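Novice: Just entry.txt, nothing more (compact mmCIF, C-alpha atoms):
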```txt
# COMPACT_ATOMS: atom_id res chain seq x y z
CA MET Q 1 16.89 -0.66 44.63
CA LYS Q 2 16.63 0.56 41.07
CA GLU Q 3 13.63 2.62 42.17
CA ILE Q 4 15.58 4.50 44.80
CA VAL Q 5 18.51 5.16 42.48
CA ARG Q 6 16.13 6.60 39.91
CA LEU Q 7 14.51 8.85 42.56
CA VAL Q 8 17.83 10.18 43.74
CA VAL Q 9 19.23 10.71 40.27
CA VAL Q 10 16.22 12.55 38.88
CA LEU Q 11 15.67 14.77 41.88
CA GLY Q 12 19.39 15.37 42.19
CA LEU Q 13 19.70 16.36 38.54
CA ILE Q 14 16.74 18.72 38.77
CA CYS Q 15 18.26 20.39 41.81
CA ILE Q 16 21.68 20.68 40.19
CA VAL Q 17 20.27 22.31 37.07
CA ALA Q 18 18.15 24.61 39.22
CA GLY Q 19 21.16 25.57 41.32
CA LEU Q 20 23.31 26.30 38.29
CA THR Q 21 20.59 28.36 36.65
CA LEU Q 22 20.10 30.42 39.77
CA ALA Q 23 23.82 30.94 40.28
CA GLY Q 24 24.06 32.16 36.71
CA VAL Q 25 21.16 34.55 36.93
CA HIS Q 26 22.43 35.82 40.27
CA GLN Q 27 25.82 36.65 38.75
CA LEU Q 28 24.23 38.37 35.77
CA THR Q 29 22.03 40.56 37.91
CA LEU Q 30 24.57 41.45 40.61
CA THR Q 31 25.71 44.73 39.05
CA PRO Q 32 22.32 45.99 37.88
CA ILE Q 33 20.87 45.33 41.33
CA GLU Q 34 23.61 47.21 43.17
CA TYR Q 35 23.13 50.12 40.81
CA GLN Q 36 19.36 50.11 41.36
CA ARG Q 37 19.85 50.22 45.11
CA LEU Q 38 22.00 53.30 44.73
CA LEU Q 39 19.60 54.92 42.26
CA ILE Q 40 16.97 55.10 44.95
CA LYS Q 41 19.21 57.33 46.94
CA GLU Q 42 19.95 59.52 43.92
CA LYS Q 43 16.47 60.98 43.88
CA ALA Q 44 16.72 61.81 47.56
CA ILE Q 45 20.19 63.29 47.12
CA LYS Q 46 18.91 65.55 44.35
CA ALA Q 47 16.14 66.66 46.66
CA VAL Q 48 18.46 67.84 49.41
CA LEU Q 49 21.47 69.14 47.45
CA SER Q 50 21.54 71.65 44.64
CA ASP Q 51 23.86 73.61 42.43
CA TYR Q 52 26.60 71.03 42.04
CA ASN Q 53 28.39 69.71 38.98
CA ASN Q 54 29.77 66.37 40.06
CA ASN Q 55 28.14 62.95 40.47
CA PRO Q 56 27.53 62.49 44.22
CA LEU Q 57 26.85 58.77 43.79
CA GLN Q 58 30.08 58.08 41.97
CA ASP Q 59 32.11 60.34 44.27
CA ARG Q 60 30.72 58.81 47.42
CA VAL Q 61 33.09 58.15 50.31
CA LYS Q 62 32.80 55.16 52.60
CA LEU Q 63 33.44 55.31 56.31
CA PRO Q 64 33.41 52.61 58.93
CA ALA Q 65 30.42 53.01 61.20
CA GLY Q 66 30.81 50.36 63.83
CA LYS Q 67 29.77 46.75 63.62
CA ASP Q 68 26.43 45.06 63.16
CA LYS Q 69 24.90 42.44 65.47
CA LYS Q 70 26.97 39.69 63.91
CA GLY Q 71 30.23 41.56 64.35
CA LYS Q 72 30.61 42.43 60.68
CA ASP Q 73 31.85 45.91 59.84
CA ILE Q 74 29.24 48.34 58.59
CA PHE Q 75 30.06 51.21 56.31
CA LYS Q 76 28.30 54.47 55.72
CA ASN Q 77 28.18 56.21 52.41
CA VAL Q 78 28.50 59.99 52.38
CA PHE Q 79 27.72 61.70 49.08
CA PRO Q 80 29.59 64.93 48.26
CA ALA Q 81 28.18 67.76 46.20
CA LYS Q 82 31.03 69.59 44.51
CA LYS Q 83 31.09 72.69 42.45
CA ASP Q 84 34.17 72.83 40.23
CA GLY Q 85 35.94 70.30 42.41
CA LYS Q 86 35.28 72.00 45.74
CA VAL Q 87 32.91 70.42 48.25
CA ILE Q 88 29.94 72.72 48.80
CA ALA Q 89 27.62 70.29 50.56
CA LEU Q 90 27.18 66.63 51.33
CA ALA Q 91 24.41 64.15 51.96
CA LEU Q 92 24.10 61.02 53.99
CA ASP Q 93 21.24 58.72 54.76
CA GLU Q 94 20.13 57.14 57.98
CA GLY Q 95 17.28 54.94 59.10
CA GLU Q 96 15.31 54.67 62.28
CA PRO Q 97 12.38 52.40 63.19
CA GLY Q 98 9.11 54.29 62.91
CA TYR Q 99 5.58 53.12 63.57
CA SER Q 100 5.75 50.23 61.13
CA GLY Q 101 9.18 49.53 59.75
CA VAL Q 102 12.24 51.64 59.21
CA ILE Q 103 12.00 55.20 57.94
CA ASN Q 104 15.00 56.09 55.77
CA VAL Q 105 15.97 59.74 55.51
CA MET Q 106 18.51 61.62 53.42
CA VAL Q 107 20.02 64.65 55.13
CA GLY Q 108 21.80 67.40 53.22
CA LEU Q 109 24.51 69.15 55.22
CA ALA Q 110 26.77 72.12 54.74
CA PRO Q 111 30.44 71.35 55.40
CA GLU Q 112 30.19 73.21 58.74
CA GLY Q 113 27.40 70.91 59.85
CA LYS Q 114 24.26 72.99 59.27
CA ILE Q 115 21.29 71.09 57.83
CA LEU Q 116 20.50 72.11 54.26
CA GLY Q 117 17.57 69.86 53.61
CA LEU Q 118 15.74 66.66 54.42
CA SER Q 119 14.14 64.07 52.20
CA ILE Q 120 12.40 60.85 53.17
CA VAL Q 121 13.90 58.05 51.09
CA SER Q 122 11.55 55.26 52.05
CA HIS Q 123 9.03 54.31 54.67
CA THR Q 124 6.12 52.01 55.32
CA GLU Q 125 4.12 54.20 57.66
CA THR Q 126 0.35 54.42 57.74
CA PRO Q 127 -0.97 56.23 54.67
CA GLY Q 128 -2.50 59.55 55.66
CA LYS Q 129 -0.96 59.54 59.11
CA GLY Q 130 2.69 58.59 59.52
CA SER Q 131 3.24 59.04 55.80
CA ARG Q 132 2.75 62.76 56.35
CA VAL Q 133 6.40 63.05 57.35
CA THR Q 134 7.11 63.09 53.64
CA GLU Q 135 5.11 66.30 53.16
CA ALA Q 136 7.09 69.40 52.23
CA ASP Q 137 5.47 71.29 55.10
CA TYR Q 138 7.24 69.00 57.50
CA THR Q 139 10.59 68.43 55.79
CA GLN Q 140 11.04 72.16 55.14
CA LYS Q 141 11.19 72.73 58.89
CA TYR Q 142 14.61 71.12 58.94
CA LYS Q 143 16.15 73.54 56.49
CA GLY Q 144 18.86 75.75 57.92
CA ILE Q 145 18.79 74.47 61.46
CA SER Q 146 21.60 73.13 63.57
CA GLU Q 147 21.79 69.90 65.56
CA ALA Q 148 20.62 71.51 68.77
CA ASP Q 149 17.33 72.65 67.21
CA ILE Q 150 16.30 69.31 65.71
CA SER Q 151 14.42 68.20 68.79
CA LYS Q 152 12.51 71.48 68.86
CA ILE Q 153 10.69 70.76 65.60
CA ASP Q 154 6.91 70.41 65.97
CA THR Q 155 5.69 66.84 65.82
CA ILE Q 156 2.95 66.09 63.26
CA SER Q 157 -0.23 65.51 65.26
CA GLY Q 158 -1.48 61.96 64.79
CA ALA Q 159 1.98 60.86 63.68
CA THR Q 160 4.05 61.16 66.82
CA ILE Q 161 6.02 57.95 66.47
CA SER Q 162 6.83 58.59 62.83
CA SER Q 163 7.89 62.18 63.52
CA LYS Q 164 10.10 61.14 66.41
CA ALA Q 165 11.73 58.50 64.22
CA VAL Q 166 12.62 61.16 61.68
CA VAL Q 167 14.04 63.38 64.43
CA ARG Q 168 16.19 60.50 65.68
CA ALA Q 169 17.38 59.62 62.21
CA VAL Q 170 18.33 63.18 61.34
CA THR Q 171 20.12 63.61 64.68
CA LYS Q 172 22.01 60.38 64.13
CA ALA Q 173 23.07 61.49 60.67
CA VAL Q 174 24.24 64.90 61.84
CA GLN Q 175 26.10 63.39 64.79
CA PHE Q 176 27.84 60.90 62.54
CA TYR Q 177 29.00 63.73 60.34
CA THR Q 178 30.19 65.94 63.20
CA LYS Q 179 32.11 63.04 64.71
CA ASN Q 180 33.83 62.06 61.45
CA LYS Q 181 33.92 65.47 59.79
CA ASP Q 182 37.66 65.65 59.31
CA ALA Q 183 37.97 62.15 57.91
CA ILE Q 184 35.04 62.69 55.57
CA LEU Q 185 36.24 66.00 54.20
CA ALA Q 186 39.75 64.64 53.81
CA GLN Q 187 38.49 61.69 51.77
CA MET Q 188 36.35 63.98 49.65
CA GLY Q 189 39.38 66.06 48.76
CA LYS Q 190 37.73 69.23 50.09
CA MET S 1 -11.23 20.06 23.79
CA GLY S 2 -9.58 22.24 21.22
CA LEU S 3 -6.25 23.73 22.18
CA ALA S 4 -7.60 27.26 22.20
CA ARG S 5 -10.01 26.15 24.91
CA GLU S 6 -7.08 25.35 27.20
CA PHE S 7 -6.21 29.02 27.06
CA THR S 8 -9.64 30.62 27.24
CA LYS S 9 -10.85 28.55 30.18
CA GLY S 10 -8.42 30.42 32.41
CA LEU S 11 -10.06 33.70 31.48
CA TRP S 12 -13.55 33.06 32.81
CA ASP S 13 -14.85 29.52 33.42
CA GLU S 14 -11.86 28.44 35.44
CA ILE S 15 -10.40 31.81 36.41
CA PRO S 16 -8.15 31.02 39.36
CA PRO S 17 -9.08 33.59 41.97
CA PHE S 18 -12.83 33.58 41.46
CA ARG S 19 -13.79 30.11 40.30
CA PHE S 20 -11.11 28.06 42.02
CA VAL S 21 -10.77 30.64 44.80
CA LEU S 22 -7.01 30.13 44.71
CA GLY S 23 -4.13 32.54 45.10
CA LEU S 24 -6.11 35.09 47.11
CA CYS S 25 -3.44 36.24 49.54
CA PRO S 26 -1.25 38.13 47.10
CA ILE S 27 -4.33 39.49 45.32
CA LEU S 28 -5.49 41.17 48.48
CA ALA S 29 -2.11 42.56 49.39
CA VAL S 30 -0.88 43.72 46.02
CA SER S 31 -3.98 45.20 44.40
CA THR S 32 -3.56 48.70 45.82
CA ALA S 33 -2.62 50.14 42.44
CA VAL S 34 -3.09 48.97 38.87
CA GLU S 35 0.66 49.13 38.20
CA ASN S 36 1.36 46.74 41.07
CA GLY S 37 -1.42 44.34 40.15
CA LEU S 38 -0.19 44.24 36.58
CA GLY S 39 3.40 43.61 37.63
CA MET S 40 2.41 40.83 39.99
CA GLY S 41 0.12 39.24 37.40
CA LEU S 42 2.87 39.21 34.78
CA ALA S 43 5.33 37.68 37.24
CA VAL S 44 2.88 34.90 38.10
CA THR S 45 2.13 34.31 34.40
CA PHE S 46 5.82 33.93 33.61
CA VAL S 47 6.23 31.39 36.41
CA LEU S 48 3.06 29.53 35.38
CA VAL S 49 4.02 29.17 31.72
CA GLY S 50 7.65 28.33 32.50
CA SER S 51 6.93 25.74 35.15
CA ASN S 52 4.00 24.21 33.23
CA VAL S 53 6.15 23.75 30.13
CA LEU S 54 9.15 22.31 31.99
CA ILE S 55 7.05 19.99 34.13
CA SER S 56 5.13 18.81 31.11
CA LEU S 57 8.41 18.07 29.30
CA LEU S 58 9.63 16.05 32.29
CA ARG S 59 6.32 14.40 33.10
CA LYS S 60 7.40 10.94 32.00
CA VAL S 61 10.78 11.25 33.72
CA ILE S 62 9.87 12.40 37.23
CA PRO S 63 9.09 9.45 39.49
CA ASP S 64 5.78 9.64 41.26
CA ASN S 65 7.01 9.81 44.84
CA VAL S 66 9.29 12.81 44.30
CA ARG S 67 6.69 14.52 42.17
CA LEU S 68 5.84 17.37 44.52
CA ALA S 69 9.42 17.98 45.57
CA SER S 70 10.48 18.25 41.92
CA PHE S 71 7.58 20.56 41.07
CA ILE S 72 8.45 22.89 43.93
CA VAL S 73 12.14 23.05 42.98
CA ILE S 74 11.21 23.91 39.41
CA ILE S 75 8.59 26.50 40.41
CA ALA S 76 10.92 28.04 42.99
CA THR S 77 13.69 28.38 40.42
CA PHE S 78 11.41 30.27 38.06
CA VAL S 79 10.24 32.49 40.90
CA VAL S 80 13.77 33.39 41.95
CA VAL S 81 14.66 34.20 38.34
CA VAL S 82 11.67 36.55 38.23
CA GLU S 83 12.65 38.05 41.56
CA LEU S 84 16.25 38.73 40.53
CA THR S 85 15.18 40.15 37.18
CA MET S 86 12.70 42.44 38.90
CA GLN S 87 15.33 43.63 41.34
CA ALA S 88 17.75 44.33 38.52
CA TYR S 89 15.46 46.13 36.10
CA PHE S 90 12.20 47.05 37.82
CA TYR S 91 13.40 47.92 41.31
CA PRO S 92 10.53 50.26 42.31
CA LEU S 93 8.02 47.53 41.44
CA TYR S 94 10.06 45.01 43.42
CA GLU S 95 10.02 47.30 46.45
CA VAL S 96 6.25 47.65 46.34
CA LEU S 97 5.55 43.95 45.82
CA GLY S 98 8.08 43.07 48.50
CA ILE S 99 7.68 39.65 50.01
CA PHE S 100 4.85 38.65 47.67
CA VAL S 101 7.25 37.92 44.84
CA PRO S 102 9.04 35.06 46.61
CA LEU S 103 5.64 33.97 47.95
CA ILE S 104 4.62 33.05 44.39
CA VAL S 105 6.36 29.75 45.15
CA VAL S 106 3.64 28.81 47.61
CA ASN S 107 0.89 30.41 45.57
CA CYS S 108 -1.51 27.53 44.96
CA ILE S 109 -1.90 28.24 41.29
CA PRO S 110 1.48 27.14 39.88
CA LEU S 111 1.61 24.07 42.08
CA GLY S 112 -2.06 23.34 41.46
CA ARG S 113 -1.73 23.51 37.69
CA ALA S 114 1.47 21.47 37.76
CA GLU S 115 -0.21 18.71 39.70
CA ALA S 116 -3.58 18.79 38.00
CA PHE S 117 -2.56 19.48 34.44
CA ALA S 118 1.07 19.87 33.38
CA SER S 119 2.15 16.55 34.85
CA LYS S 120 -0.41 14.74 32.72
CA ARG S 121 -0.74 16.68 29.49
CA PRO S 122 1.50 17.49 26.55
CA VAL S 123 3.64 20.59 26.30
CA VAL S 124 1.60 22.88 24.08
CA ALA S 125 -1.60 22.28 26.05
CA SER S 126 0.28 22.87 29.30
CA ALA S 127 1.80 26.06 27.99
CA LEU S 128 -1.62 27.36 26.96
CA ASP S 129 -3.11 26.31 30.28
CA GLY S 130 -0.41 28.22 32.13
CA LEU S 131 -0.85 31.23 29.87
CA GLY S 132 -4.63 31.24 30.26
CA MET S 133 -4.52 30.89 34.03
CA GLY S 134 -1.85 33.56 34.22
CA VAL S 135 -3.73 36.01 32.05
CA GLY S 136 -6.93 35.33 33.98
CA TYR S 137 -5.07 35.97 37.21
CA THR S 138 -3.62 39.18 35.80
CA LEU S 139 -7.05 40.32 34.63
CA SER S 140 -8.52 39.67 38.08
CA LEU S 141 -5.69 41.61 39.68
CA VAL S 142 -5.98 44.53 37.28
CA VAL S 143 -9.75 44.86 37.71
CA LEU S 144 -9.54 44.65 41.49
CA SER S 145 -6.59 47.07 41.58
CA ALA S 146 -8.41 49.47 39.27
CA ILE S 147 -11.42 49.58 41.61
CA ARG S 148 -9.30 50.02 44.70
CA GLU S 149 -6.97 52.59 43.17
CA LEU S 150 -9.72 54.60 41.47
CA PHE S 151 -12.01 54.90 44.46
CA GLY S 152 -9.39 54.57 47.16
CA LYS S 153 -6.85 57.07 45.81
CA GLY S 154 -8.57 58.79 42.92
CA THR S 155 -5.91 57.75 40.44
CA LEU S 156 -5.45 55.13 37.76
CA LEU S 157 -1.91 54.12 36.83
CA GLY S 158 -0.82 57.16 38.81
CA HIS S 159 -2.90 59.67 36.84
CA HIS S 160 -5.53 61.63 38.71
CA ILE S 161 -8.96 60.83 37.35
CA PHE S 162 -11.38 62.56 39.63
CA TRP S 163 -11.83 66.29 40.12
CA GLU S 164 -9.92 68.35 42.65
CA GLY S 165 -11.32 68.01 46.10
CA PHE S 166 -12.57 64.48 45.53
CA GLN S 167 -12.20 62.68 48.83
CA PRO S 168 -11.09 59.14 48.12
CA MET S 169 -12.32 56.26 50.26
CA GLU S 170 -9.01 55.42 51.89
CA PHE S 171 -10.69 52.40 53.43
CA LEU S 172 -10.35 50.67 50.07
CA ILE S 173 -6.58 50.88 50.13
CA ALA S 174 -6.39 49.24 53.55
CA PRO S 175 -6.66 45.44 53.92
CA GLN S 176 -10.29 45.67 55.03
CA GLY S 177 -11.18 47.31 51.74
CA ALA S 178 -9.44 44.53 49.84
CA PHE S 179 -11.59 41.88 51.49
CA VAL S 180 -14.78 43.83 50.83
CA CYS S 181 -13.96 44.39 47.16
CA LEU S 182 -12.89 40.80 46.63
CA GLY S 183 -16.04 39.51 48.30
CA LEU S 184 -18.25 41.72 46.18
CA MET S 185 -16.50 40.64 42.98
CA LEU S 186 -16.76 36.98 43.97
CA GLY S 187 -20.46 37.37 44.65
CA LEU S 188 -20.98 39.15 41.35
CA MET S 189 -19.20 36.43 39.41
CA ASN S 190 -21.25 33.73 41.12
CA LEU S 191 -24.39 35.66 40.25
CA ILE S 192 -23.47 35.86 36.58
CA GLY S 193 -22.63 32.16 36.61
CA THR S 194 -20.65 30.14 34.10
CA GLY S 195 -23.43 30.02 31.52
CA LYS S 196 -23.26 26.22 31.66
CA LYS S 197 -26.15 24.90 33.71
```
Kindly return the structure encoded in the file as structure tokens.
Specialist:
Amino acid sequence: MKEIVRLVVVLGLICIVAGLTLAGVHQLTLTPIEYQRLLIKEKAIKAVLSDYNNNPLQDRVKLPAGKDKKGKDIFKNVFPAKKDGKVIALALDEGEPGYSGVINVMVGLAPEGKILGLSIVSHTETPGKGSRVTEADYTQKYKGISEADISKIDTISGATISSKAVVRAVTKAVQFYTKNKDAILAQMGK
Amino acid sequence: MGLAREFTKGLWDEIPPFRFVLGLCPILAVSTAVENGLGMGLAVTFVLVGSNVLISLLRKVIPDNVRLASFIVIIATFVVVVELTMQAYFYPLYEVLGIFVPLIVVNCIPLGRAEAFASKRPVVASALDGLGMGVGYTLSLVVLSAIRELFGKGTLLGHHIFWEGFQPMEFLIAPQGAFVCLGLMLGLMNLIGTGKK
């Protein structure tokens, strides 16, 4: 009997201490981790927007974007680029499954809805093939076009699935903006 | 055995990946660039030293039949601490290493050292053992990553080494290349031998 008590007590104590330690570390790292996750987008935002003097990350607006598979609300962040308080452009990110994993893109848009630029935020496509969607030669093709022309962009040969994923992601982003344009601009304070 | 020996044995004679042939899975997956190999090696070293020390301190307290369960809880706690710290302060590294950080829990080296050494030996020796094994592991990772990055991408630590127009052997960056490199290194180390006959 004494044996079993000892087993339970020792293992229980070890688990309790472990649990408390982890809870503590988790709390401590909560803010830095959230910031890091946003930082990743900052580089992409800088790549698609220019000539602004606000902080798009801090000024981001959140919009409801439906529900996920479990019924929880999902929100989309839209990042405004302002010059002297007036919105001159905005950026939002979107992800679509590519050849191996999700490709995340950041799309820069003019307030009227024209695409200003495209940047690939993250991907896990095949190096040398699908990864070529990150090349400037490809992303430049999206500059200045409207939603209707997205599907006309030439696919990278040898990287069809990856290219199509980018097309879908960009289209989704643009459509989200067009659908919620008024709400977004209102929240941004024009 | 002098205490210093507990440390140095992990660097050559008992180097985990090549002598014990342990902990190979993350080595293959993570060694695509020196930066990643180094990060992974340091994470494993931290876990090894931490868990070895704690388990050694508790070695007289933990009852035999819950030995493995206790070791795993302790190792897992250290691994999660490393994972959270990496996410908070070294996020790009965390993204590259991905699932291999939590997988350190089932990496045979921490559990193996806990069972074979830390549960039976005093704290300082256990700490040195963990440190030696960890550093040996890191060295193995760095050398393998250096080979794969240099000839597979033409860079080292992100800096271009070879001349313009050098066509890297992309095969080395893919999993197949990892196996080939590891096999060659293993064969080479067996050839050189331990020096003790």
Novice: Compare Q:Lys86, Q:His123, Q:Ile145, Q:Asn55 by their minimum atom-to-atom distance to chain S, counting only C-alpha atoms, and give me the closest one.
Specialist: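 Answer, going by the shortest atom-to-atom distance: Q:His123.
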Novice: So how many Å separate atom CA of Q:Ile88 and atom CA of Q:Ile153, to one decimal?
Specialist: 25.6 Å
Novice: Given only C-alpha atoms as the basis, pick out the residue of S:Val124, S:Ile15, S:Leu157, S:Leu172 nearest to chain Q.
Specialist: S:Leu172
Novice: Rounded to one decimal in Å, what is the spacing between atom CA of S:Leu68 and atom CA of S:Val82?
Specialist: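 Computing the Euclidean distance for atom CA of S:Leu68 and atom CA of S:Val82 yields 21.0 Å.
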Novice: Using all atoms listed in the file, find the one residue out of Q:Gly101, Q:Pro111, Q:Gly158, Q:Pro127 that sits nearest to S:Lys153.
Specialist: Q:Pro127
Novice: Would you kindly report the residues of chain Q within 12 Å of chain S, using all atoms listed in the file, as a PyMOL selection string?
Specialist: chain Q and resi 2-40+122-124+126-129
Novice: One decimal, in Å: what's the spacing between atom CA of S:Met189 and atom CA of S:Pro110?
Specialist: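 According to the coordinates, atom CA of S:Met189 and atom CA of S:Pro110 are separated by 22.7 Å.
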Novice: Write out as number ranges by chain the residues lying within 9 Å of stretch 160-164 of chain Q, counting only C-alpha atoms and excluding same-chain residues fewer than 3 positions away.
Specialist: Q: 97-100, 103, 125, 129-133, 151, 154-157, 167-169
Novice: Would you pick out the contacts of stretch 56-67 of chain Q at 8 Å or less, using only C-alpha atoms, so that residues sharing its chain but fewer than 2 positions from it are not included, and give the list as a PyMOL selection string?
Specialist: chain Q and resi 38+42+45+54+69-82+184+187-188
Novice: Quick one: residues within 12 Å of S:Ile147, only C-alpha atoms counted, chain neighbours fewer than 4 positions away excluded, as a list of chain:residue names?
Specialist: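 That gives S:Ser31, S:Thr32, S:Ala33, S:Val34, S:Gly37, S:Ser140, S:Leu141, S:Val142, S:Val143, S:Phe151, S:Gly152, S:Lys153, S:Gly154, S:Thr155, S:Leu156, S:Leu157, S:Pro168, S:Met169, S:Leu172, S:Ile173, S:Gly177, S:Ala178, S:Val180, S:Cys181, S:Leu182, S:Leu184, S:Met185.
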Novice: Do a neighbour search on S:Asn52 at 12 Å with all atoms listed in the file, toss out local chain neighbours closer than 4 positions, and write the hits as an NGL selection string.
Specialist: :S and (44-48 or 56-59 or 71-72 or 74-75 or 78 or 109-134)
Novice: Let me make sure I understand: among Q:Tyr138, Q:Lys83, Q:Leu92, Q:Ser146, which one has the smallest atom-to-atom distance to Q:Asp51 if we use only C-alpha atoms?
Specialist: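 Once distances to Q:Asp51 are computed over only C-alpha atoms, the minimum belongs to Q:Lys83.
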Novice: Taking only C-alpha atoms into account, which of S:Leu54, S:Leu186, S:Leu42, S:Ile192 comes nearest S:Val21?
Specialist: S:Leu186
